[in-house]
>>> print(open('start-v4.csv').read())   # CSV, C-alpha atoms and all ligand atoms
chain,number,residue,atom,x,y,z
R,1,MET,CA,54.9,-50.8,-29.2
R,2,GLU,CA,54.6,-50.1,-32.9
R,3,CYS,CA,52.8,-46.9,-32.1
R,4,TRP,CA,55.8,-45.1,-30.8
R,5,PRO,CA,57.7,-44.5,-34.0
R,6,VAL,CA,54.6,-43.0,-35.6
R,7,LEU,CA,54.1,-40.9,-32.6
R,8,LEU,CA,57.6,-39.5,-32.7
R,9,LEU,CA,57.8,-39.1,-36.4
R,10,TRP,CA,54.7,-37.0,-36.4
R,11,GLY,CA,55.1,-35.5,-33.1
R,12,LEU,CA,58.5,-34.1,-32.9
R,13,PRO,CA,58.5,-32.1,-36.1
R,14,GLN,CA,55.5,-30.3,-34.7
R,15,ILE,CA,56.9,-29.8,-31.4
R,16,TRP,CA,60.0,-28.4,-32.9
R,17,ALA,CA,58.7,-26.4,-35.7
R,18,SER,CA,56.0,-24.9,-33.6
R,19,SER,CA,58.6,-24.6,-31.0
R,20,GLU,CA,56.5,-26.3,-28.4
R,21,ALA,CA,59.6,-28.2,-27.3
R,22,LEU,CA,59.9,-29.4,-23.8
R,23,ARG,CA,62.0,-29.0,-20.7
R,24,PRO,CA,64.2,-31.6,-19.1
R,25,PRO,CA,62.1,-33.6,-16.6
R,26,GLY,CA,65.0,-34.0,-14.4
R,27,ARG,CA,64.6,-30.4,-13.4
R,28,SER,CA,61.0,-30.9,-12.3
R,29,PRO,CA,59.1,-29.5,-15.3
R,30,ARG,CA,56.1,-27.4,-14.4
R,31,LEU,CA,53.8,-25.4,-16.4
R,32,SER,CA,54.6,-22.4,-14.4
R,33,GLY,CA,58.0,-22.4,-16.2
R,34,PRO,CA,61.6,-21.8,-15.4
R,35,ARG,CA,62.4,-19.5,-12.5
R,36,SER,CA,66.1,-19.0,-13.0
R,37,THR,CA,67.6,-16.7,-15.6
R,38,SER,CA,71.2,-16.8,-15.0
R,39,ALA,CA,71.9,-17.4,-18.6
R,40,PRO,CA,73.6,-14.3,-20.2
R,41,PRO,CA,72.5,-13.1,-23.6
R,42,GLY,CA,74.2,-15.3,-26.2
R,43,SER,CA,73.6,-18.5,-24.4
R,44,VAL,CA,69.8,-18.3,-24.1
R,45,GLY,CA,68.0,-21.4,-25.1
R,46,PHE,CA,64.6,-22.3,-26.4
R,47,ARG,CA,62.7,-25.0,-24.5
R,48,GLY,CA,59.3,-26.5,-24.5
R,49,LEU,CA,57.5,-28.7,-22.1
R,50,GLN,CA,54.4,-30.8,-22.3
R,51,VAL,CA,52.4,-32.3,-19.4
R,52,SER,CA,49.9,-35.0,-20.2
R,53,SER,CA,47.6,-36.4,-17.5
R,54,PHE,CA,45.9,-39.7,-18.0
R,55,ALA,CA,43.1,-40.2,-15.4
R,56,ASN,CA,41.9,-43.5,-16.9
R,57,SER,CA,41.5,-45.1,-20.2
R,58,SER,CA,39.1,-42.5,-21.4
R,59,TRP,CA,40.1,-39.1,-19.8
R,60,THR,CA,43.2,-37.2,-20.6
R,61,ARG,CA,44.4,-33.7,-21.1
R,62,THR,CA,47.7,-32.2,-22.4
R,63,ASP,CA,49.1,-28.7,-21.8
R,64,GLY,CA,52.3,-27.2,-22.8
R,65,SER,CA,54.4,-24.1,-23.0
R,66,GLY,CA,57.4,-22.7,-24.9
R,67,TRP,CA,60.2,-20.6,-23.4
R,68,LEU,CA,62.9,-18.4,-24.7
R,69,GLY,CA,65.2,-18.2,-21.7
R,70,PRO,CA,63.0,-16.9,-18.9
R,71,LEU,CA,60.3,-15.5,-21.2
R,72,GLN,CA,57.3,-17.6,-21.9
R,73,THR,CA,56.7,-17.4,-25.7
R,74,HIS,CA,54.0,-20.0,-26.3
R,75,SER,CA,51.2,-21.7,-24.5
R,76,TRP,CA,49.3,-24.8,-25.5
R,77,SER,CA,46.0,-25.7,-23.8
R,78,ASN,CA,44.3,-29.0,-24.2
R,79,GLY,CA,42.2,-29.1,-27.4
R,80,SER,CA,43.4,-25.8,-28.8
R,81,ASP,CA,46.2,-24.7,-31.1
R,82,ILE,CA,49.5,-23.3,-29.9
R,83,ARG,CA,49.1,-19.8,-28.8
R,84,CYS,CA,51.8,-17.2,-29.4
R,85,LEU,CA,52.3,-15.0,-26.4
R,86,ARG,CA,54.6,-12.4,-28.0
R,87,PRO,CA,54.4,-10.6,-31.3
R,88,TRP,CA,57.6,-12.3,-32.2
R,89,SER,CA,56.7,-15.8,-31.0
R,90,ARG,CA,56.8,-17.2,-34.6
R,91,GLY,CA,60.4,-16.3,-34.9
R,92,THR,CA,61.2,-15.9,-38.6
R,93,PHE,CA,58.6,-18.5,-39.7
R,94,SER,CA,56.2,-17.4,-42.5
R,95,ASP,CA,52.5,-17.6,-42.0
R,96,ARG,CA,52.4,-20.7,-44.2
R,97,GLN,CA,55.2,-22.4,-42.3
R,98,TRP,CA,53.4,-21.6,-39.0
R,99,ALA,CA,50.1,-22.9,-40.2
R,100,GLN,CA,51.8,-26.1,-41.3
R,101,GLN,CA,53.3,-26.5,-37.9
R,102,GLN,CA,50.0,-26.0,-36.2
R,103,GLN,CA,48.5,-28.7,-38.4
R,104,LEU,CA,51.3,-31.0,-37.6
R,105,PHE,CA,50.9,-30.3,-34.0
R,106,ARG,CA,47.2,-31.2,-34.1
R,107,VAL,CA,48.2,-34.6,-35.5
R,108,TYR,CA,50.9,-35.0,-32.9
R,109,ARG,CA,48.5,-34.4,-30.1
R,110,SER,CA,46.0,-37.0,-31.1
R,111,SER,CA,48.6,-39.6,-32.0
R,112,PHE,CA,50.4,-39.0,-28.8
R,113,THR,CA,47.3,-39.5,-26.8
R,114,ARG,CA,46.2,-42.6,-28.7
R,115,ASP,CA,49.7,-44.1,-28.5
R,116,ILE,CA,50.1,-43.5,-24.8
R,117,TRP,CA,46.8,-45.2,-24.2
R,118,ALA,CA,47.9,-48.2,-26.3
R,119,PHE,CA,51.2,-48.2,-24.5
R,120,ALA,CA,49.5,-48.2,-21.0
R,121,LYS,CA,47.4,-51.1,-22.1
R,122,THR,CA,50.2,-53.2,-23.4
R,123,LEU,CA,52.5,-52.6,-20.4
R,124,HIS,CA,49.7,-52.7,-17.9
R,125,LEU,CA,50.4,-49.3,-16.4
R,126,ASP,CA,48.2,-48.1,-13.5
R,127,TYR,CA,46.1,-45.0,-13.9
R,128,PRO,CA,46.2,-42.2,-13.1
R,129,PHE,CA,49.6,-41.2,-14.5
R,130,GLU,CA,51.4,-38.2,-15.9
R,131,VAL,CA,53.8,-38.1,-18.9
R,132,GLN,CA,56.1,-35.1,-19.3
R,133,MET,CA,58.1,-34.2,-22.4
R,134,SER,CA,60.9,-31.7,-22.5
R,135,ALA,CA,63.1,-30.6,-25.3
R,136,GLY,CA,65.1,-27.7,-26.5
R,137,CYS,CA,68.3,-26.3,-27.8
R,138,GLU,CA,70.8,-23.6,-27.1
R,139,VAL,CA,73.0,-21.8,-29.6
R,140,ARG,CA,76.5,-20.8,-28.6
R,141,PRO,CA,78.5,-18.3,-30.5
R,142,GLY,CA,81.2,-20.2,-32.4
R,143,GLY,CA,80.1,-23.7,-31.3
R,144,PRO,CA,77.6,-26.4,-32.1
R,145,PRO,CA,74.2,-26.1,-30.6
R,146,GLU,CA,73.4,-27.9,-27.4
R,147,VAL,CA,70.3,-30.0,-27.6
R,148,PHE,CA,68.2,-32.1,-25.3
R,149,LEU,CA,65.0,-34.2,-25.4
R,150,SER,CA,63.7,-36.3,-22.6
R,151,SER,CA,60.6,-37.7,-21.2
R,152,ALA,CA,59.4,-38.5,-17.7
R,153,PHE,CA,56.7,-40.7,-16.3
R,154,GLN,CA,55.2,-39.8,-12.9
R,155,GLY,CA,57.8,-37.1,-12.5
R,156,SER,CA,60.8,-39.3,-13.0
R,157,ASP,CA,63.0,-39.4,-16.0
R,158,ILE,CA,62.6,-42.5,-18.1
R,159,LEU,CA,64.2,-41.8,-21.5
R,160,SER,CA,66.4,-39.2,-23.2
R,161,PHE,CA,67.7,-38.8,-26.7
R,162,GLN,CA,71.5,-38.7,-26.9
R,163,GLY,CA,73.1,-38.1,-30.2
R,164,HIS,CA,71.2,-40.6,-32.4
R,165,PHE,CA,69.8,-42.9,-29.8
R,166,TRP,CA,67.3,-43.3,-27.0
R,167,VAL,CA,68.9,-43.9,-23.7
R,168,LEU,CA,67.3,-45.2,-20.5
R,169,ALA,CA,67.4,-43.0,-17.5
R,170,PRO,CA,69.4,-44.5,-14.6
R,171,ASP,CA,66.4,-45.3,-12.4
R,172,ALA,CA,63.9,-46.0,-15.2
R,173,PRO,CA,61.3,-48.7,-14.5
R,174,SER,CA,62.0,-52.0,-16.3
R,175,TRP,CA,59.2,-51.5,-18.8
R,176,ALA,CA,61.0,-48.4,-20.2
R,177,GLU,CA,63.6,-50.7,-21.7
R,178,THR,CA,60.9,-52.2,-24.0
R,179,VAL,CA,60.1,-48.7,-25.1
R,180,SER,CA,63.6,-47.6,-25.8
R,181,ASN,CA,64.4,-50.9,-27.6
R,182,THR,CA,61.4,-50.3,-29.9
R,183,LEU,CA,62.3,-46.7,-30.5
R,184,ASN,CA,65.9,-47.4,-31.3
R,185,LYS,CA,64.9,-49.9,-34.0
R,186,ASP,CA,63.4,-47.0,-36.0
R,187,HIS,CA,66.2,-45.3,-37.9
R,188,GLU,CA,64.1,-42.9,-39.7
R,189,THR,CA,62.5,-41.5,-36.6
R,190,ARG,CA,65.9,-41.2,-35.0
R,191,ASP,CA,67.2,-39.3,-38.0
R,192,THR,CA,64.2,-37.0,-37.9
R,193,ILE,CA,64.6,-36.3,-34.3
R,194,HIS,CA,68.3,-35.6,-34.8
R,195,TRP,CA,67.5,-33.2,-37.6
R,196,LEU,CA,64.8,-31.5,-35.6
R,197,LEU,CA,67.0,-31.0,-32.6
R,198,ASN,CA,70.2,-30.0,-34.4
R,199,ASP,CA,68.8,-28.0,-37.4
R,200,VAL,CA,65.2,-27.0,-36.9
R,201,CYS,CA,65.4,-26.0,-33.3
R,202,PRO,CA,68.6,-23.8,-33.6
R,203,GLN,CA,67.1,-22.1,-36.7
R,204,PHE,CA,63.9,-21.3,-34.9
R,205,LEU,CA,65.8,-20.2,-31.8
R,206,THR,CA,68.0,-17.9,-33.9
R,207,GLY,CA,64.8,-16.2,-35.3
R,208,LEU,CA,63.4,-15.8,-31.8
R,209,LEU,CA,66.6,-14.3,-30.5
R,210,GLU,CA,66.8,-11.9,-33.3
R,211,LEU,CA,63.2,-10.6,-32.8
R,212,GLY,CA,62.9,-11.0,-29.1
R,213,GLN,CA,66.3,-9.8,-28.0
R,214,GLN,CA,65.1,-6.4,-26.9
R,215,GLU,CA,62.4,-7.9,-24.7
R,216,LEU,CA,64.8,-10.5,-23.4
R,217,GLU,CA,67.3,-7.9,-22.2
R,218,LYS,CA,64.7,-5.4,-21.0
R,219,GLN,CA,65.4,-4.3,-17.4
R,220,GLU,CA,62.6,-2.6,-15.5
R,221,LYS,CA,63.2,-1.5,-11.9
R,222,PRO,CA,60.8,-2.6,-9.2
R,223,GLU,CA,58.8,-0.3,-7.0
R,224,ALA,CA,58.2,-1.5,-3.5
R,225,TRP,CA,55.8,-0.4,-0.8
R,226,LEU,CA,54.5,-1.7,2.6
R,227,SER,CA,51.1,-2.2,3.9
R,228,SER,CA,49.4,-4.1,6.7
R,229,GLY,CA,47.1,-7.0,5.9
R,230,PRO,CA,44.2,-8.3,7.9
R,231,PRO,CA,45.5,-9.0,11.4
R,232,PRO,CA,46.2,-12.8,11.7
R,233,GLY,CA,45.1,-12.8,15.3
R,234,PRO,CA,44.7,-10.7,18.4
R,235,GLY,CA,47.9,-8.7,19.1
R,236,ARG,CA,49.4,-9.7,15.8
R,237,LEU,CA,50.2,-7.8,12.6
R,238,LEU,CA,50.5,-9.0,9.0
R,239,LEU,CA,53.2,-7.0,7.3
R,240,VAL,CA,52.9,-6.9,3.6
R,241,CYS,CA,55.8,-6.0,1.2
R,242,HIS,CA,54.6,-5.4,-2.3
R,243,VAL,CA,57.1,-5.4,-5.2
R,244,SER,CA,55.8,-4.5,-8.7
R,245,GLY,CA,56.8,-3.4,-12.1
R,246,PHE,CA,60.0,-5.4,-12.4
R,247,HIS,CA,61.5,-7.3,-15.3
R,248,PRO,CA,62.9,-9.9,-15.8
R,249,GLU,CA,60.9,-12.1,-13.4
R,250,PRO,CA,63.6,-13.4,-11.0
R,251,VAL,CA,63.6,-11.3,-7.9
R,252,TRP,CA,64.7,-11.7,-4.3
R,253,VAL,CA,62.4,-10.3,-1.6
R,254,ARG,CA,62.9,-10.9,2.1
R,255,TRP,CA,61.7,-9.6,5.5
R,256,MET,CA,64.8,-8.8,7.5
R,257,GLN,CA,65.8,-8.0,11.0
R,258,GLY,CA,69.1,-6.1,10.5
R,259,GLN,CA,71.2,-8.4,8.4
R,260,GLN,CA,69.2,-11.5,9.4
R,261,GLU,CA,66.6,-13.0,7.1
R,262,LEU,CA,63.4,-13.8,8.9
R,263,PRO,CA,62.1,-17.3,8.4
R,264,GLY,CA,58.3,-17.7,8.2
R,265,ALA,CA,57.7,-15.0,5.6
R,266,GLN,CA,55.2,-16.2,3.0
R,267,GLN,CA,56.1,-15.5,-0.6
R,268,GLY,CA,53.2,-15.4,-3.1
R,269,ASP,CA,53.5,-16.4,-6.7
R,270,VAL,CA,55.2,-13.9,-9.0
R,271,LEU,CA,52.2,-12.6,-11.0
R,272,PRO,CA,52.2,-10.9,-14.4
R,273,ASN,CA,51.1,-7.3,-14.7
R,274,ALA,CA,49.3,-6.3,-17.8
R,275,ASP,CA,52.3,-4.4,-19.2
R,276,GLY,CA,54.5,-7.5,-19.2
R,277,THR,CA,56.2,-6.7,-15.8
R,278,TRP,CA,55.8,-8.7,-12.6
R,279,TYR,CA,54.3,-8.3,-9.2
R,280,LEU,CA,55.2,-10.2,-6.0
R,281,ARG,CA,54.0,-9.8,-2.4
R,282,VAL,CA,55.7,-11.2,0.7
R,283,THR,CA,53.9,-11.2,4.0
R,284,LEU,CA,55.1,-11.7,7.5
R,285,ASP,CA,53.0,-12.5,10.6
R,286,VAL,CA,54.5,-10.8,13.7
R,287,ALA,CA,53.5,-9.9,17.2
R,288,ALA,CA,52.4,-6.2,17.1
R,289,GLY,CA,55.2,-5.2,19.5
R,290,GLU,CA,57.9,-6.7,17.3
R,291,ALA,CA,57.2,-5.1,14.0
R,292,ALA,CA,59.3,-2.0,14.6
R,293,GLY,CA,62.7,-2.3,13.1
R,294,LEU,CA,61.8,-5.0,10.6
R,295,ALA,CA,62.5,-4.2,6.9
R,296,CYS,CA,61.7,-5.6,3.5
R,297,ARG,CA,64.7,-6.0,1.3
R,298,VAL,CA,64.4,-6.2,-2.5
R,299,ARG,CA,67.2,-7.4,-4.8
R,300,HIS,CA,66.8,-7.4,-8.6
R,301,SER,CA,69.0,-7.4,-11.6
R,302,SER,CA,67.8,-3.9,-12.7
R,303,LEU,CA,68.9,-2.3,-9.4
R,304,GLY,CA,72.6,-2.8,-10.1
R,305,GLY,CA,73.4,-4.1,-6.6
R,306,GLN,CA,71.5,-1.3,-4.8
R,307,ASP,CA,68.9,-3.2,-2.9
R,308,ILE,CA,65.6,-1.4,-2.0
R,309,VAL,CA,65.2,-1.5,1.8
R,310,LEU,CA,61.9,-0.4,3.3
R,311,SER,CA,61.7,-0.4,7.0
R,312,TRP,CA,58.4,-0.8,8.8
R,313,GLU,CA,58.9,2.4,10.9
R,314,GLY,CA,59.8,4.3,7.8
R,315,SER,CA,56.4,3.7,6.3
R,316,HIS,CA,53.4,3.1,8.5
R,317,VAL,CA,53.8,3.2,12.2
R,318,PRO,CA,55.8,6.3,11.8
R,319,VAL,CA,53.2,8.2,9.7
R,320,GLY,CA,50.6,7.3,12.3
R,321,LEU,CA,52.9,8.2,15.1
R,322,ILE,CA,54.0,11.4,13.6
R,323,VAL,CA,50.5,12.5,13.0
R,324,THR,CA,49.5,11.6,16.6
R,325,VAL,CA,52.5,13.4,18.1
R,326,VAL,CA,52.0,16.5,16.0
R,327,LEU,CA,48.3,16.6,16.8
R,328,ALA,CA,49.0,16.1,20.5
R,329,SER,CA,51.6,18.8,20.5
R,330,LEU,CA,49.3,21.2,18.7
R,331,LEU,CA,46.6,20.5,21.2
R,332,LEU,CA,49.0,21.0,24.1
R,333,ILE,CA,50.4,24.2,22.7
R,334,GLY,CA,47.0,25.4,21.8
R,335,GLY,CA,45.7,24.6,25.2
R,336,GLY,CA,48.7,26.2,26.9
R,337,ILE,CA,48.3,29.4,24.9
R,338,ALA,CA,44.5,29.6,25.7
R,339,PHE,CA,45.2,28.9,29.4
R,340,TRP,CA,48.0,31.6,29.6
R,341,HIS,CA,45.8,34.1,27.7
R,342,LYS,CA,42.9,33.5,29.9
R,343,LYS,CA,45.1,33.8,33.0
R,344,ARG,CA,46.6,37.0,31.7
R,345,CYS,CA,43.2,38.4,31.1
R,346,SER,CA,42.1,37.6,34.6
R,347,TYR,CA,45.2,39.1,36.1
R,348,GLN,CA,44.6,42.2,34.1
R,349,ASP,CA,41.0,42.2,35.4
R,350,ILE,CA,42.3,42.0,38.9
R,351,LEU,CA,45.0,44.6,38.3
L,401,LIG,C1,37.9,-41.0,-15.8
L,401,LIG,O1,38.4,-39.9,-15.0
L,401,LIG,C2,37.6,-38.8,-15.0
L,401,LIG,C3,38.3,-37.6,-14.3
L,401,LIG,O2,38.8,-38.0,-13.1
L,401,LIG,C4,36.2,-39.1,-14.3
L,401,LIG,O3,35.4,-38.0,-14.3
L,401,LIG,C5,35.6,-40.2,-15.1
L,401,LIG,O4,34.4,-40.6,-14.4
L,401,LIG,C6,36.5,-41.4,-15.2
L,401,LIG,N1,35.9,-42.4,-16.1
L,401,LIG,C7,36.0,-43.7,-15.8
L,401,LIG,C8,35.4,-44.6,-16.9
L,401,LIG,O5,36.5,-44.1,-14.8
L,402,LIG,C1,41.6,-32.7,-24.3
L,402,LIG,O1,41.5,-32.6,-25.7
L,402,LIG,C2,41.2,-33.8,-26.3
L,402,LIG,C3,41.3,-33.6,-27.9
L,402,LIG,O2,40.7,-32.5,-28.3
L,402,LIG,C4,39.8,-34.2,-25.9
L,402,LIG,O3,39.4,-35.5,-26.5
L,402,LIG,C5,39.8,-34.4,-24.4
L,402,LIG,O4,38.5,-34.7,-24.0
L,402,LIG,C6,40.2,-33.1,-23.8
L,402,LIG,N1,40.3,-33.3,-22.3
L,402,LIG,C7,39.7,-32.5,-21.5
L,402,LIG,C8,39.9,-32.8,-20.0
L,402,LIG,O5,39.0,-31.5,-21.8
>>> encode(input="start-v4.csv", output="structure tokens")
Amino acid sequence: MECWPVLLLWGLPQIWASSEALRPPGRSPRLSGPRSTSAPPGSVGFRGLQVSSFANSSWTRTDGSGWLGPLQTHSWSNGSDIRCLRPWSRGTFSDRQWAQQQQLFRVYRSSFTRDIWAFAKTLHLDYPFEVQMSAGCEVRPGGPPEVFLSSAFQGSDILSFQGHFWVLAPDAPSWAETVSNTLNKDHETRDTIHWLLNDVCPQFLTGLLELGQQELEKQEKPEAWLSSGPPPGPGRLLLVCHVSGFHPEPVWVRWMQGQQELPGAQQGDVLPNADGTWYLRVTLDVAAGEAAGLACRVRHSSLGGQDIVLSWEGSHVPVGLIVTVVLASLLLIGGGIAFWHKKRCSYQDIL
């Protein structure tokens, strides 16, 4: 596989410099991005991921994304340049440096595709298949950066880069050894990768952290409200808990009965609002008679431990009920007064 060294030599600089690095495949890389954000400021990393699908020997597409901690900073759609999603997504790179990286990345993309096709042919790999790449770095105050680079085939790790060498993943298929052996013969490429991971990536990350810190640490409180959706069936209710306007993205929303989480609630995707905050809805299908007393509970980092709890009575049924009761009372009282008045008049008439 003579193509691999070329691929990596060209590819990684672009990945890195343009910061389209990748995410460890062991943690099921997906374009939707990382969901957990436990990393405190100061140990936030940059990572990029790439997903390339090969349907057959003539059809392929590659997409990718770049992330600063929980924030997506870059996207990369097949056939187009890397798109910056934040005003500060270029970090402290100059226009010229950035243009260079885009150019390098274009070359990377075509050589990657060409080389994987050649690789599939040589090793007789069956189509369709998916290749994922994941790489990144994390800077720590007072310590060396932590770096990673790995690749996966059909969702399973095959290779990672450790120190100065390519290492096979424990359950890698036997053909992966051919690949790693070939790659390890190429000192220059390994030096380049080492440099990219240990120098370029931390530099880029430092620039991103400097410019994006405010957005990274931004805390926006969620608003929550309840509504009912289209009834799922006769005698059933669809309770909908809406949570919107929060940041960062991780949020915990459950339908509860007292302290008990109700299974069977359906959680939608966390969707972006236009202002950079997030929206989520969680629905619950219940028998109409069992909705009373259920509550939607929302936990979010911006709430400082004070969960939002909305109870179903407190929102809908009650409003309807109160209106009905009040109307009914008014009618009764009104009717009573009218009756009493009429009676009195007739007594007076008699008297
Ligand atoms: C390759 O895959 C694509 C997408 O699935 C399909 O449309 C196309 O017909 C395939 N081409 C060949 C030569 O099999
Ligand atoms: C993806 O981009 C490559 C290079 O521009 C192109 O050859 C390929 O047809 C594209 N794939 C799809 C599915 O659009």
>>> residues_near_ligand(input="start-v4.csv", ligand="ligand LIG 402 (chain L)", cutoff="8 Å", atoms="all atoms listed in the file", output="list in words")
Trp59, Thr60, Arg61, Thr62, Asn78, Gly79, Ser80, Arg109 and Ser110 of chain R
>>> write_last_selection(input="start-v4.csv", atoms="C-alpha atoms", output="short mmCIF file (atom, residue, chain, number, x, y, z; two decimals), keeping the file's coordinate frame")
data_model
loop_
_atom_site.label_atom_id
_atom_site.label_comp_id
_atom_site.auth_asym_id
_atom_site.auth_seq_id
_atom_site.Cartn_x
_atom_site.Cartn_y
_atom_site.Cartn_z
CA TRP R 59 40.10 -39.10 -19.80
CA THR R 60 43.20 -37.20 -20.60
CA ARG R 61 44.40 -33.70 -21.10
CA THR R 62 47.70 -32.20 -22.40
CA ASN R 78 44.30 -29.00 -24.20
CA GLY R 79 42.20 -29.10 -27.40
CA SER R 80 43.40 -25.80 -28.80
CA ARG R 109 48.50 -34.40 -30.10
CA SER R 110 46.00 -37.00 -31.10
#
>>> closest_residue(input="start-v4.csv", among="R:Phe129, R:Glu138, R:Phe105, R:Leu280", to="ligand LIG 401 (chain L)", atoms="only C-alpha atoms and all ligand atoms")
R:Phe129
>>> closest_atom_pairs(input="start-v4.csv", of="chain R", to="ligand LIG 401 (chain L)", cutoff="6 Å", atoms="all atoms listed in the file", output="JSON lines")
{"residue": "R:Ala55", "atom": "CA", "partner": "L:LIG401", "partner_atom": "O1", "distance": 4.7}
{"residue": "R:Asn56", "atom": "CA", "partner": "L:LIG401", "partner_atom": "C1", "distance": 4.8}
{"residue": "R:Ser58", "atom": "CA", "partner": "L:LIG401", "partner_atom": "C1", "distance": 5.9}
{"residue": "R:Trp59", "atom": "CA", "partner": "L:LIG401", "partner_atom": "C1", "distance": 4.9}
>>> closest_residue(input="start-v4.csv", among="R:Cys201, R:Ile116, R:Leu262, R:Ile158", to="Pro145 (chain R)", atoms="only C-alpha atoms")
R:Cys201
>>> atom_distance(input="start-v4.csv", atom1="CA of Val131 (chain R)", atom2="CA of Ser57 (chain R)")
14.2 Å
>>> closest_residue(input="start-v4.csv", among="R:Leu216, R:Leu211, R:Val286, R:Cys296", to="Pro70 (chain R)", atoms="all atoms listed in the file")
R:Leu216
>>> residues_around(input="start-v4.csv", residues="region 242-253 of chain R", least_positions_apart="6", cutoff="6 Å", atoms="all atoms listed in the file", output="VMD selection string")
chain R and resid 219 to 225 277 to 281 297 to 300
